[in-house]
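Novice: Structure file structure-v3.cif, mmCIF, C-alpha atoms, is pasted below:
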```cif
data_input
loop_
_atom_site.label_atom_id
_atom_site.label_comp_id
_atom_site.auth_asym_id
_atom_site.auth_seq_id
_atom_site.Cartn_x
_atom_site.Cartn_y
_atom_site.Cartn_z
CA MET A 1 -34.52 64.94 -84.73
CA LYS A 2 -36.80 63.85 -87.54
CA LEU A 3 -38.93 60.84 -86.75
CA THR A 4 -38.53 58.03 -89.24
CA ARG A 5 -41.78 56.15 -89.72
CA LYS A 6 -41.81 52.46 -88.85
CA THR A 7 -38.64 52.66 -86.80
CA GLY A 8 -38.38 52.00 -83.08
CA LEU A 9 -38.91 54.99 -80.84
CA ARG A 10 -36.06 54.33 -78.50
CA SER A 11 -35.06 57.78 -77.39
CA LEU A 12 -37.14 57.96 -74.23
CA ALA A 13 -35.21 58.82 -71.09
CA VAL A 14 -37.02 56.44 -68.80
CA GLY A 15 -34.94 57.25 -65.78
CA ALA A 16 -37.11 60.22 -64.95
CA ILE A 17 -40.27 58.17 -64.75
CA ALA A 18 -41.44 57.68 -61.18
CA VAL A 19 -43.84 54.97 -60.08
CA SER A 20 -46.54 56.65 -58.04
CA SER A 21 -48.05 54.90 -55.06
CA ALA A 22 -51.40 56.32 -56.03
CA LEU A 23 -51.64 55.60 -59.74
CA VAL A 24 -54.49 57.45 -61.33
CA LEU A 25 -54.92 55.82 -64.72
CA THR A 26 -58.66 55.21 -64.79
CA ALA A 27 -60.93 53.00 -66.83
CA CYS A 28 -61.48 53.07 -70.56
CA GLY A 29 -65.25 52.98 -70.22
CA SER A 30 -67.92 55.28 -68.90
CA ASP A 31 -67.10 55.07 -65.20
CA ASN A 32 -67.69 58.80 -64.88
CA ASN A 33 -69.91 60.68 -67.29
CA SER A 34 -69.54 64.07 -65.68
CA GLY A 35 -67.50 66.84 -67.22
CA SER A 36 -63.96 67.63 -66.17
CA SER A 37 -63.68 68.97 -62.70
CA SER A 38 -61.19 71.53 -61.44
CA PRO A 39 -58.82 69.43 -59.34
CA SER A 40 -56.51 70.82 -56.73
CA GLY A 41 -53.54 69.92 -58.93
CA GLY A 42 -51.89 72.21 -61.45
CA SER A 43 -49.53 75.10 -60.85
CA SER A 44 -49.19 78.77 -61.60
CA ASN A 45 -45.81 78.01 -63.22
CA ALA A 46 -47.50 75.67 -65.70
CA ALA A 47 -50.20 78.23 -66.40
CA ALA A 48 -47.61 80.97 -66.98
CA SER A 49 -45.89 78.95 -69.72
CA ILE A 50 -49.04 78.29 -71.77
CA LYS A 51 -49.54 80.09 -75.07
CA CYS A 52 -53.27 80.80 -75.32
CA GLY A 53 -55.36 80.55 -78.43
CA SER A 54 -58.48 82.55 -79.23
CA LYS A 55 -61.31 82.53 -76.69
CA ALA A 56 -63.66 79.63 -77.31
CA ASN A 57 -65.87 76.98 -75.77
CA LEU A 58 -64.24 73.61 -76.44
CA LEU A 59 -66.27 70.43 -76.11
CA ALA A 60 -64.45 67.09 -76.10
CA SER A 61 -65.12 63.58 -74.85
CA GLY A 62 -63.84 60.03 -74.82
CA SER A 63 -61.24 57.96 -73.01
CA THR A 64 -61.42 57.92 -69.24
CA ALA A 65 -57.89 56.47 -69.13
CA GLN A 66 -56.65 60.03 -69.52
CA LYS A 67 -59.29 61.71 -67.35
CA ASN A 68 -57.02 62.58 -64.44
CA ALA A 69 -54.35 64.02 -66.74
CA MET A 70 -57.03 65.89 -68.66
CA ASP A 71 -58.40 67.37 -65.42
CA VAL A 72 -55.02 68.92 -64.64
CA TRP A 73 -54.43 70.05 -68.22
CA VAL A 74 -57.85 71.72 -68.38
CA LYS A 75 -57.33 73.44 -65.03
CA ASN A 76 -53.93 74.80 -66.05
CA TYR A 77 -55.07 75.99 -69.46
CA MET A 78 -58.22 77.69 -68.21
CA GLN A 79 -56.23 79.35 -65.44
CA ALA A 80 -53.86 80.82 -68.02
CA CYS A 81 -56.40 81.55 -70.74
CA SER A 82 -59.41 83.37 -69.34
CA GLY A 83 -62.40 83.38 -71.64
CA THR A 84 -61.83 79.81 -72.84
CA GLN A 85 -64.01 77.03 -71.42
CA ILE A 86 -62.98 73.41 -71.93
CA ASN A 87 -65.42 70.63 -71.09
CA TYR A 88 -63.96 67.14 -71.45
CA LYS A 89 -66.47 64.39 -70.68
CA PRO A 90 -64.95 60.96 -69.93
CA THR A 91 -67.64 58.94 -71.68
CA GLY A 92 -65.34 56.15 -72.90
CA SER A 93 -63.30 55.70 -76.06
CA GLY A 94 -66.12 54.34 -78.22
CA ALA A 95 -68.57 57.06 -77.22
CA GLY A 96 -65.93 59.75 -77.71
CA VAL A 97 -65.20 58.64 -81.28
CA THR A 98 -68.93 58.47 -82.03
CA GLU A 99 -69.48 62.03 -80.83
CA PHE A 100 -66.51 63.27 -82.83
CA LEU A 101 -67.82 61.60 -85.98
CA GLN A 102 -71.17 63.28 -85.37
CA GLY A 103 -69.44 66.65 -85.32
CA SER A 104 -70.41 67.26 -81.68
CA THR A 105 -66.89 67.79 -80.32
CA ALA A 106 -63.67 69.60 -81.23
CA PHE A 107 -61.60 66.50 -80.52
CA ALA A 108 -61.96 63.05 -78.98
CA GLY A 109 -59.85 60.93 -76.66
CA SER A 110 -59.50 57.27 -77.62
CA ASP A 111 -57.39 54.38 -76.41
CA SER A 112 -57.59 52.88 -79.90
CA ALA A 113 -56.59 54.47 -83.19
CA LEU A 114 -59.32 55.20 -85.74
CA LYS A 115 -60.35 52.26 -87.90
CA ALA A 116 -60.52 52.57 -91.68
CA ASP A 117 -64.31 52.96 -91.74
CA GLU A 118 -64.11 55.61 -89.01
CA VAL A 119 -61.54 57.56 -91.03
CA THR A 120 -63.94 57.42 -93.98
CA LYS A 121 -66.82 58.68 -91.83
CA SER A 122 -64.65 61.49 -90.45
CA LYS A 123 -64.36 63.06 -93.92
CA ALA A 124 -67.98 64.20 -93.62
CA VAL A 125 -67.06 66.18 -90.50
CA CYS A 126 -63.55 67.24 -91.49
CA LYS A 127 -64.37 69.13 -94.67
CA GLY A 128 -61.49 68.65 -97.07
CA GLY A 129 -59.60 66.50 -94.56
CA GLN A 130 -60.03 63.58 -92.18
CA GLY A 131 -59.64 62.55 -88.58
CA ILE A 132 -56.08 61.79 -87.43
CA ASP A 133 -54.63 60.09 -84.36
CA LEU A 134 -52.28 62.09 -82.13
CA PRO A 135 -50.73 59.92 -79.37
CA MET A 136 -50.69 61.85 -76.10
CA VAL A 137 -50.30 59.61 -73.03
CA GLY A 138 -49.72 55.97 -72.13
CA GLY A 139 -50.01 53.59 -69.22
CA PRO A 140 -50.02 49.92 -68.16
CA ILE A 141 -53.02 47.59 -68.04
CA ALA A 142 -52.62 45.37 -65.00
CA VAL A 143 -53.81 41.79 -64.67
CA GLY A 144 -55.11 41.50 -61.11
CA TYR A 145 -55.83 38.25 -59.30
CA ASN A 146 -57.29 36.93 -56.04
CA LEU A 147 -55.42 33.87 -54.87
CA PRO A 148 -54.71 33.92 -51.12
CA GLY A 149 -51.27 32.63 -50.27
CA VAL A 150 -49.86 33.18 -53.75
CA ASP A 151 -47.61 36.19 -54.20
CA ASN A 152 -45.59 37.29 -57.22
CA LEU A 153 -47.66 35.26 -59.67
CA VAL A 154 -46.03 34.98 -63.09
CA LEU A 155 -47.94 34.28 -66.30
CA ASP A 156 -47.09 34.55 -69.99
CA ALA A 157 -49.16 35.42 -73.06
CA PRO A 158 -50.14 31.86 -74.08
CA THR A 159 -51.23 31.01 -70.53
CA LEU A 160 -53.23 34.23 -70.18
CA ALA A 161 -54.88 33.60 -73.55
CA LYS A 162 -55.91 30.10 -72.48
CA ILE A 163 -57.20 31.37 -69.13
CA PHE A 164 -59.38 34.05 -70.72
CA ASN A 165 -60.49 31.62 -73.44
CA SER A 166 -61.60 29.09 -70.80
CA GLN A 167 -59.03 26.49 -71.82
CA ILE A 168 -57.17 26.66 -68.50
CA VAL A 169 -59.77 26.45 -65.73
CA LYS A 170 -57.85 25.48 -62.56
CA TRP A 171 -55.13 27.41 -60.78
CA ASP A 172 -52.98 24.29 -60.38
CA ASP A 173 -52.88 23.71 -64.14
CA PRO A 174 -49.47 22.41 -65.28
CA ALA A 175 -48.88 25.50 -67.44
CA ILE A 176 -49.27 27.79 -64.42
CA LYS A 177 -47.18 25.47 -62.24
CA LYS A 178 -44.35 25.57 -64.77
CA LEU A 179 -44.22 29.38 -64.56
CA ASN A 180 -44.47 29.35 -60.76
CA PRO A 181 -42.47 26.32 -59.56
CA ASN A 182 -42.16 27.56 -55.98
CA ALA A 183 -45.78 28.64 -55.48
CA LYS A 184 -48.37 26.58 -53.64
CA LEU A 185 -51.10 26.74 -56.25
CA PRO A 186 -54.55 25.57 -55.13
CA SER A 187 -56.97 23.53 -57.23
CA THR A 188 -59.40 26.46 -57.08
CA SER A 189 -61.44 27.10 -60.20
CA ILE A 190 -60.36 30.17 -62.18
CA GLN A 191 -62.98 32.93 -62.43
CA ALA A 192 -61.86 35.09 -65.38
CA PHE A 193 -63.55 38.49 -65.50
CA HIS A 194 -63.75 40.70 -68.59
CA ARG A 195 -65.50 43.96 -69.44
CA SER A 196 -69.20 43.76 -70.30
CA ASP A 197 -69.14 47.18 -72.01
CA GLU A 198 -67.19 48.22 -75.09
CA SER A 199 -63.82 49.45 -73.95
CA GLY A 200 -60.43 50.61 -75.14
CA THR A 201 -58.99 48.59 -72.27
CA THR A 202 -60.44 45.42 -73.76
CA ASP A 203 -59.19 46.40 -77.20
CA ASN A 204 -55.64 46.88 -75.95
CA PHE A 205 -55.68 43.78 -73.74
CA THR A 206 -56.84 41.57 -76.60
CA LYS A 207 -54.34 43.18 -78.98
CA TYR A 208 -51.67 41.94 -76.59
CA LEU A 209 -53.13 38.42 -76.53
CA LYS A 210 -53.39 38.40 -80.32
CA GLY A 211 -49.96 39.91 -80.82
CA ALA A 212 -48.08 37.73 -78.34
CA ALA A 213 -50.09 34.48 -78.43
CA ALA A 214 -51.90 34.38 -81.78
CA SER A 215 -52.20 30.59 -81.87
CA ASP A 216 -53.97 30.61 -78.50
CA TRP A 217 -56.25 33.62 -79.10
CA PRO A 218 -58.40 32.96 -82.20
CA TYR A 219 -60.29 36.26 -82.14
CA SER A 220 -59.96 39.44 -84.16
CA GLY A 221 -60.12 41.71 -81.11
CA GLY A 222 -61.79 45.08 -80.67
CA LYS A 223 -63.58 47.09 -78.00
CA ALA A 224 -66.20 44.36 -77.45
CA TRP A 225 -65.20 41.12 -75.72
CA GLN A 226 -65.37 38.19 -78.15
CA ALA A 227 -64.33 35.06 -76.25
CA LYS A 228 -67.02 32.75 -74.91
CA ASN A 229 -67.72 31.93 -71.28
CA GLY A 230 -66.01 33.73 -68.42
CA GLN A 231 -67.54 36.36 -66.13
CA SER A 232 -68.22 39.99 -66.96
CA ALA A 233 -68.66 43.31 -65.19
CA PRO A 234 -69.16 46.91 -66.37
CA GLN A 235 -66.21 49.30 -66.47
CA SER A 236 -62.79 48.69 -64.99
CA SER A 237 -64.14 49.55 -61.56
CA GLY A 238 -66.63 46.69 -61.84
CA VAL A 239 -64.02 44.16 -62.96
CA ALA A 240 -61.68 45.20 -60.15
CA ALA A 241 -64.48 44.92 -57.58
CA GLN A 242 -65.32 41.40 -58.72
CA VAL A 243 -61.68 40.31 -58.60
CA LYS A 244 -61.32 41.81 -55.13
CA GLN A 245 -64.28 39.88 -53.71
CA THR A 246 -64.07 36.58 -55.63
CA ALA A 247 -61.61 33.88 -54.60
CA GLY A 248 -59.86 32.46 -57.65
CA ALA A 249 -60.64 35.51 -59.78
CA ILE A 250 -58.48 37.20 -62.41
CA GLY A 251 -59.22 40.28 -64.50
CA TYR A 252 -57.67 43.20 -66.39
CA PHE A 253 -57.92 46.90 -65.57
CA GLU A 254 -55.83 50.04 -65.31
CA LEU A 255 -53.14 49.82 -62.66
CA SER A 256 -54.77 52.46 -60.46
CA TYR A 257 -57.60 50.07 -59.61
CA ALA A 258 -55.19 47.41 -58.41
CA THR A 259 -53.30 49.99 -56.37
CA ALA A 260 -56.41 51.54 -54.83
CA SER A 261 -57.89 48.16 -53.84
CA ASN A 262 -54.63 46.40 -52.91
CA ILE A 263 -55.16 43.79 -55.60
CA PRO A 264 -51.97 41.85 -56.44
CA THR A 265 -50.96 41.97 -60.08
CA VAL A 266 -49.39 39.44 -62.42
CA LYS A 267 -45.81 39.75 -63.60
CA ILE A 268 -45.49 38.93 -67.30
CA ASP A 269 -42.90 36.48 -68.58
CA THR A 270 -42.02 37.99 -71.96
CA GLY A 271 -38.86 35.99 -72.52
CA ALA A 272 -36.75 38.84 -71.14
CA SER A 273 -34.16 38.27 -68.43
CA ALA A 274 -36.85 38.59 -65.74
CA PRO A 275 -40.67 38.76 -65.56
CA VAL A 276 -41.95 42.33 -65.85
CA ALA A 277 -44.33 44.02 -63.41
CA ALA A 278 -46.93 46.61 -64.42
CA THR A 279 -45.34 50.02 -63.72
CA SER A 280 -45.21 53.41 -65.45
CA ASP A 281 -41.51 52.96 -66.14
CA ALA A 282 -42.11 49.58 -67.78
CA ALA A 283 -44.98 51.01 -69.87
CA SER A 284 -42.74 53.83 -71.09
CA LYS A 285 -40.14 51.32 -72.22
CA MET A 286 -42.85 49.53 -74.17
CA ILE A 287 -43.99 52.74 -75.90
CA ALA A 288 -40.39 53.61 -76.76
CA ASP A 289 -40.26 50.38 -78.76
CA ALA A 290 -43.36 51.29 -80.82
CA LYS A 291 -43.54 52.07 -84.54
CA VAL A 292 -45.54 54.76 -86.32
CA VAL A 293 -47.84 53.02 -88.78
CA GLY A 294 -50.24 55.87 -89.58
CA THR A 295 -50.02 57.43 -93.03
CA GLY A 296 -49.88 61.08 -93.97
CA ASN A 297 -50.53 63.23 -90.89
CA ASP A 298 -51.76 60.28 -88.84
CA LEU A 299 -49.49 59.11 -85.99
CA ALA A 300 -51.15 55.83 -85.04
CA LEU A 301 -48.66 53.57 -83.26
CA LYS A 302 -48.10 49.85 -83.42
CA LEU A 303 -46.83 48.40 -80.18
CA ASN A 304 -44.55 45.39 -80.19
CA TYR A 305 -46.62 43.08 -78.01
CA ALA A 306 -44.09 40.28 -78.46
CA THR A 307 -41.25 42.41 -77.10
CA LYS A 308 -38.51 40.72 -75.13
CA ALA A 309 -36.84 43.96 -74.14
CA ASP A 310 -35.75 43.93 -70.50
CA GLY A 311 -38.11 45.89 -68.29
CA ALA A 312 -40.74 46.53 -71.01
CA TYR A 313 -44.28 45.76 -69.83
CA PRO A 314 -46.18 44.43 -72.87
CA ILE A 315 -49.81 45.13 -71.87
CA THR A 316 -49.73 48.87 -72.39
CA LEU A 317 -52.22 51.29 -73.90
CA VAL A 318 -51.71 54.62 -75.65
CA THR A 319 -54.44 57.27 -75.58
CA TYR A 320 -54.85 59.39 -78.71
CA GLU A 321 -56.41 62.78 -79.20
CA ILE A 322 -58.40 62.59 -82.44
CA ALA A 323 -58.84 65.78 -84.44
CA CYS A 324 -59.39 66.86 -88.05
CA ASP A 325 -56.19 67.50 -89.96
CA LYS A 326 -58.19 69.91 -92.15
CA GLY A 327 -61.71 71.24 -91.93
CA ASN A 328 -61.80 72.05 -88.21
CA LYS A 329 -64.53 74.46 -87.17
CA PRO A 330 -63.18 78.03 -87.46
CA ASP A 331 -64.58 79.17 -84.12
CA THR A 332 -62.68 76.50 -82.17
CA LEU A 333 -59.63 75.77 -84.36
CA ASP A 334 -57.22 78.21 -82.72
CA ALA A 335 -58.16 77.19 -79.19
CA THR A 336 -58.01 73.50 -80.09
CA LYS A 337 -54.49 73.88 -81.49
CA ALA A 338 -53.34 75.90 -78.48
CA PHE A 339 -54.72 73.41 -75.96
CA LEU A 340 -53.40 70.32 -77.76
CA ASN A 341 -50.02 71.99 -78.20
CA TYR A 342 -49.87 72.65 -74.47
CA ILE A 343 -50.69 69.08 -73.45
CA ALA A 344 -48.09 67.74 -75.91
CA SER A 345 -45.48 70.25 -74.70
CA ASP A 346 -42.64 69.47 -72.32
CA ASP A 347 -44.55 71.28 -69.56
CA GLY A 348 -47.74 69.35 -70.30
CA GLN A 349 -45.99 65.99 -70.40
CA LYS A 350 -43.53 66.34 -67.55
CA GLY A 351 -46.17 66.11 -64.83
CA LEU A 352 -47.59 62.82 -66.11
CA SER A 353 -45.13 60.47 -64.43
CA SER A 354 -46.04 61.75 -60.97
CA GLN A 355 -49.63 60.75 -61.72
CA GLY A 356 -48.66 57.23 -62.79
CA TYR A 357 -48.90 57.85 -66.53
CA ALA A 358 -46.21 57.12 -69.10
CA PRO A 359 -45.16 60.33 -70.91
CA LEU A 360 -44.49 60.22 -74.64
CA PRO A 361 -40.97 59.53 -75.86
CA ALA A 362 -39.33 62.82 -76.81
CA GLU A 363 -39.08 61.85 -80.48
CA ILE A 364 -42.79 61.14 -80.94
CA ALA A 365 -43.81 64.14 -78.80
CA THR A 366 -41.89 66.39 -81.20
CA LYS A 367 -43.72 64.85 -84.15
CA VAL A 368 -47.10 65.27 -82.40
CA ARG A 369 -46.42 68.98 -81.84
CA SER A 370 -45.51 69.38 -85.50
CA GLU A 371 -48.77 67.79 -86.62
CA ILE A 372 -50.79 69.96 -84.20
CA SER A 373 -49.26 73.12 -85.64
CA SER A 374 -50.43 72.10 -89.12
CA LEU A 375 -54.11 71.57 -88.17
CA SER A 376 -56.35 73.80 -90.26
#
```
How does the structure come out when it is put into structure tokens?

Specialist:
Amino acid sequence: MKLTRKTGLRSLAVGAIAVSSALVLTACGSDNNSGSSSPSGGSSNAAASIKCGSKANLLASGSTAQKNAMDVWVKNYMQACSGTQINYKPTGSGAGVTEFLQGSTAFAGSDSALKADEVTKSKAVCKGGQGIDLPMVGGPIAVGYNLPGVDNLVLDAPTLAKIFNSQIVKWDDPAIKKLNPNAKLPSTSIQAFHRSDESGTTDNFTKYLKGAAASDWPYSGGKAWQAKNGQSAPQSSGVAAQVKQTAGAIGYFELSYATASNIPTVKIDTGASAPVAATSDAASKMIADAKVVGTGNDLALKLNYATKADGAYPITLVTYEIACDKGNKPDTLDATKAFLNYIASDDGQKGLSSQGYAPLPAEIATKVRSEISSLS
């Protein structure tokens, strides 16, 4: 089925998405600067289905949100395609884009689509072409909190915006009470933690605040935190650690950190029939409601942060693989296309839900594969 640009991507069969008890979506900063390891995951069946490209040494870097998926993809591909070495370094979205624009890598992983000035810069690397965004994997950003005695906390976008903009400073604020009429909210001061480093997680979290509560979030957004006051910590692991040990704390990070540290997470009141928890299934429903806003070969997505669709979790990120549409280096082009085509394939995508990721809707995955085949 042909994908119509700027129409909802509603064809995802979300029933197959399982919520893992050990979610592995990791931080969108440089929590781990080592290259991809060879995890115990992967299967010979997956390796047998891969169509190999020419032998090459592929260097890539960027988003750590996709690191665990990338580890499995790299293992499977290298198992099937001897002679090809793939080294993906999870340096963070910003660093990955920078290295790509310097011509140091075959592709980059980023939790934010390229900005206009970055597309312009990419033309110097992509001779005769430019960098394009290829959505590959998604997942929820959880809002974790530390408030003993309070379970099933519900917040909405305006309240979250005011909390992280230091306009709501006590847990027994009337706005929070209204959303949680049966909770025994203490007068504890709110300690709101944000990322101290530039991060795709911050970019996506603030896009949600801007998109769903614009009047309460007067900032343009981006990878760097812009609001005043509040507390900060490096990487998602640092934010999660501070929330875990600080009474009255609240912070945002990939769901795996909340799961690993038993940090309770906020349910979001979107105006749907019931507040929505952060799960892979709910993130997939959010992605299915996205629109393609990229032009030409670019498949940048615009998420509907103000969605009221039942079961759609609104604070969701999408990780893109960024590559040249034209002007790729000849010695790595064939291998790059083969590897990207594998990870966008049904076999590459079907294992994501068991890791806690949100696979692409079938409609957009088909479009991604078409764009990969046209890389030159």

Novice: In Å, how far is it from atom CA of A:Val276 to atom CA of A:Asn204?

Specialist: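 Separation of atom CA of A:Val276 and atom CA of A:Asn204: 17.6 Å.
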
Novice: With only C-alpha atoms as the counted atoms, please give the residues lying no more than 10 Å from stretch 237-241 of chain A, apart from itself and same-chain residues fewer than 5 positions off, as a compact mmCIF listing (two decimals) with C-alpha atoms, keeping the file's coordinate frame.

Specialist:
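Result written to result-v5.txt:
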```txt
# COMPACT_ATOMS: atom_id res chain seq x y z
CA THR A 26 -58.66 55.21 -64.79
CA ALA A 27 -60.93 53.00 -66.83
CA GLY A 29 -65.25 52.98 -70.22
CA ASP A 31 -67.10 55.07 -65.20
CA VAL A 143 -53.81 41.79 -64.67
CA GLY A 144 -55.11 41.50 -61.11
CA TYR A 145 -55.83 38.25 -59.30
CA ALA A 192 -61.86 35.09 -65.38
CA PHE A 193 -63.55 38.49 -65.50
CA HIS A 194 -63.75 40.70 -68.59
CA ARG A 195 -65.50 43.96 -69.44
CA SER A 196 -69.20 43.76 -70.30
CA GLN A 231 -67.54 36.36 -66.13
CA SER A 232 -68.22 39.99 -66.96
CA THR A 246 -64.07 36.58 -55.63
CA ALA A 249 -60.64 35.51 -59.78
CA ILE A 250 -58.48 37.20 -62.41
CA GLY A 251 -59.22 40.28 -64.50
CA TYR A 252 -57.67 43.20 -66.39
CA PHE A 253 -57.92 46.90 -65.57
CA GLU A 254 -55.83 50.04 -65.31
CA SER A 256 -54.77 52.46 -60.46
CA TYR A 257 -57.60 50.07 -59.61
CA ALA A 258 -55.19 47.41 -58.41
CA ALA A 260 -56.41 51.54 -54.83
CA SER A 261 -57.89 48.16 -53.84
CA ILE A 263 -55.16 43.79 -55.60
```

Novice: Mind giving me the straight-line distance from atom CA of A:Ala274 to atom CA of A:Pro140 in Å, one decimal?

Specialist: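 It comes out at 17.5 Å.
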
Novice: Can you tell me, as JSON, numbers by chain, what residues are no more than 10 Å from stretch 338-352 of chain A when counting only C-alpha atoms, ignoring any on the same chain fewer than 4 positions away?

Specialist: {"A": [16, 17, 18, 24, 42, 45, 46, 47, 49, 50, 51, 52, 53, 54, 58, 68, 69, 70, 72, 73, 74, 76, 77, 78, 81, 86, 107, 134, 135, 136, 137, 138, 280, 321, 323, 333, 334, 356, 357, 358, 359, 360, 361, 362, 364, 365, 366, 367, 368, 369, 370, 371, 372, 373]}

Novice: Quick one: pull the distance between atom CA of A:Tyr313 and atom CA of A:Thr64, Å, one decimal.

Specialist: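 Here the two named atoms are 21.0 Å from each other.
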
Novice: Could you spell out the hits of the PyMOL selection byres ((chain A and resi 188) around 12) on the shown file, as JSON, numbers by chain?

Specialist: {"A": [146, 147, 148, 168, 169, 170, 171, 172, 173, 184, 185, 186, 187, 189, 190, 191, 246, 247, 248, 249]}

Novice: What lies within 9 Å of A:Ser104 using all atoms listed in the file, ignoring chain neighbours under 6 positions off, as a PDB file with C-alpha atoms, in the coordinates of the input?

Specialist:
```pdb
ATOM      1  CA  LEU A  59     -66.270  70.430 -76.110  1.00  0.00           C
ATOM      2  CA  ALA A  60     -64.450  67.090 -76.100  1.00  0.00           C
ATOM      3  CA  THR A  98     -68.930  58.470 -82.030  1.00  0.00           C
TER       4      THR A  98
END
```

Novice: Pick from A:Ser110, A:Thr201, A:Asn152, A:Ser82: nearest to A:Thr265, with only C-alpha atoms counted?

Specialist: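 The shortest atom-to-atom distance to A:Thr265 comes from A:Asn152.
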
Novice: What residues come out when you apply the PyMOL selection byres ((chain A and resi 94) around 12) to this file, written as a PDB file with C-alpha atoms, in the coordinates of the input?

Specialist:
```
ATOM      1  CA  CYS A  28     -61.480  53.070 -70.560  1.00  0.00           C
ATOM      2  CA  GLY A  29     -65.250  52.980 -70.220  1.00  0.00           C
ATOM      3  CA  SER A  30     -67.920  55.280 -68.900  1.00  0.00           C
ATOM      4  CA  SER A  61     -65.120  63.580 -74.850  1.00  0.00           C
ATOM      5  CA  GLY A  62     -63.840  60.030 -74.820  1.00  0.00           C
ATOM      6  CA  SER A  63     -61.240  57.960 -73.010  1.00  0.00           C
ATOM      7  CA  THR A  64     -61.420  57.920 -69.240  1.00  0.00           C
ATOM      8  CA  PRO A  90     -64.950  60.960 -69.930  1.00  0.00           C
ATOM      9  CA  THR A  91     -67.640  58.940 -71.680  1.00  0.00           C
ATOM     10  CA  GLY A  92     -65.340  56.150 -72.900  1.00  0.00           C
ATOM     11  CA  SER A  93     -63.300  55.700 -76.060  1.00  0.00           C
ATOM     12  CA  ALA A  95     -68.570  57.060 -77.220  1.00  0.00           C
ATOM     13  CA  GLY A  96     -65.930  59.750 -77.710  1.00  0.00           C
ATOM     14  CA  VAL A  97     -65.200  58.640 -81.280  1.00  0.00           C
ATOM     15  CA  THR A  98     -68.930  58.470 -82.030  1.00  0.00           C
ATOM     16  CA  GLU A  99     -69.480  62.030 -80.830  1.00  0.00           C
ATOM     17  CA  PHE A 100     -66.510  63.270 -82.830  1.00  0.00           C
ATOM     18  CA  LEU A 101     -67.820  61.600 -85.980  1.00  0.00           C
ATOM     19  CA  ALA A 108     -61.960  63.050 -78.980  1.00  0.00           C
ATOM     20  CA  GLY A 109     -59.850  60.930 -76.660  1.00  0.00           C
ATOM     21  CA  SER A 110     -59.500  57.270 -77.620  1.00  0.00           C
ATOM     22  CA  ASP A 111     -57.390  54.380 -76.410  1.00  0.00           C
ATOM     23  CA  SER A 112     -57.590  52.880 -79.900  1.00  0.00           C
ATOM     24  CA  ALA A 113     -56.590  54.470 -83.190  1.00  0.00           C
ATOM     25  CA  LEU A 114     -59.320  55.200 -85.740  1.00  0.00           C
ATOM     26  CA  LYS A 115     -60.350  52.260 -87.900  1.00  0.00           C
ATOM     27  CA  GLU A 118     -64.110  55.610 -89.010  1.00  0.00           C
ATOM     28  CA  ASP A 197     -69.140  47.180 -72.010  1.00  0.00           C
ATOM     29  CA  GLU A 198     -67.190  48.220 -75.090  1.00  0.00           C
ATOM     30  CA  SER A 199     -63.820  49.450 -73.950  1.00  0.00           C
ATOM     31  CA  GLY A 200     -60.430  50.610 -75.140  1.00  0.00           C
ATOM     32  CA  THR A 201     -58.990  48.590 -72.270  1.00  0.00           C
ATOM     33  CA  THR A 202     -60.440  45.420 -73.760  1.00  0.00           C
ATOM     34  CA  ASP A 203     -59.190  46.400 -77.200  1.00  0.00           C
ATOM     35  CA  GLY A 222     -61.790  45.080 -80.670  1.00  0.00           C
ATOM     36  CA  LYS A 223     -63.580  47.090 -78.000  1.00  0.00           C
ATOM     37  CA  ALA A 224     -66.200  44.360 -77.450  1.00  0.00           C
TER      38      ALA A 224
END
```

Novice: What residues come out when you apply the PyMOL selection byres ((chain A and resi 278) around 10) to this file, written as an NGL selection string?

Specialist: :A and (19 or 139-143 or 254-255 or 265-268 or 276-277 or 279-283 or 311-316)

Novice: Would you save the residues of that selection, restricted to C-alpha atoms, as a compact mmCIF listing (two decimals), in the coordinates of the input?

Specialist:
```
# COMPACT_ATOMS: atom_id res chain seq x y z
CA VAL A 19 -43.84 54.97 -60.08
CA GLY A 139 -50.01 53.59 -69.22
CA PRO A 140 -50.02 49.92 -68.16
CA ILE A 141 -53.02 47.59 -68.04
CA ALA A 142 -52.62 45.37 -65.00
CA VAL A 143 -53.81 41.79 -64.67
CA GLU A 254 -55.83 50.04 -65.31
CA LEU A 255 -53.14 49.82 -62.66
CA THR A 265 -50.96 41.97 -60.08
CA VAL A 266 -49.39 39.44 -62.42
CA LYS A 267 -45.81 39.75 -63.60
CA ILE A 268 -45.49 38.93 -67.30
CA VAL A 276 -41.95 42.33 -65.85
CA ALA A 277 -44.33 44.02 -63.41
CA THR A 279 -45.34 50.02 -63.72
CA SER A 280 -45.21 53.41 -65.45
CA ASP A 281 -41.51 52.96 -66.14
CA ALA A 282 -42.11 49.58 -67.78
CA ALA A 283 -44.98 51.01 -69.87
CA GLY A 311 -38.11 45.89 -68.29
CA ALA A 312 -40.74 46.53 -71.01
CA TYR A 313 -44.28 45.76 -69.83
CA PRO A 314 -46.18 44.43 -72.87
CA ILE A 315 -49.81 45.13 -71.87
CA THR A 316 -49.73 48.87 -72.39
```
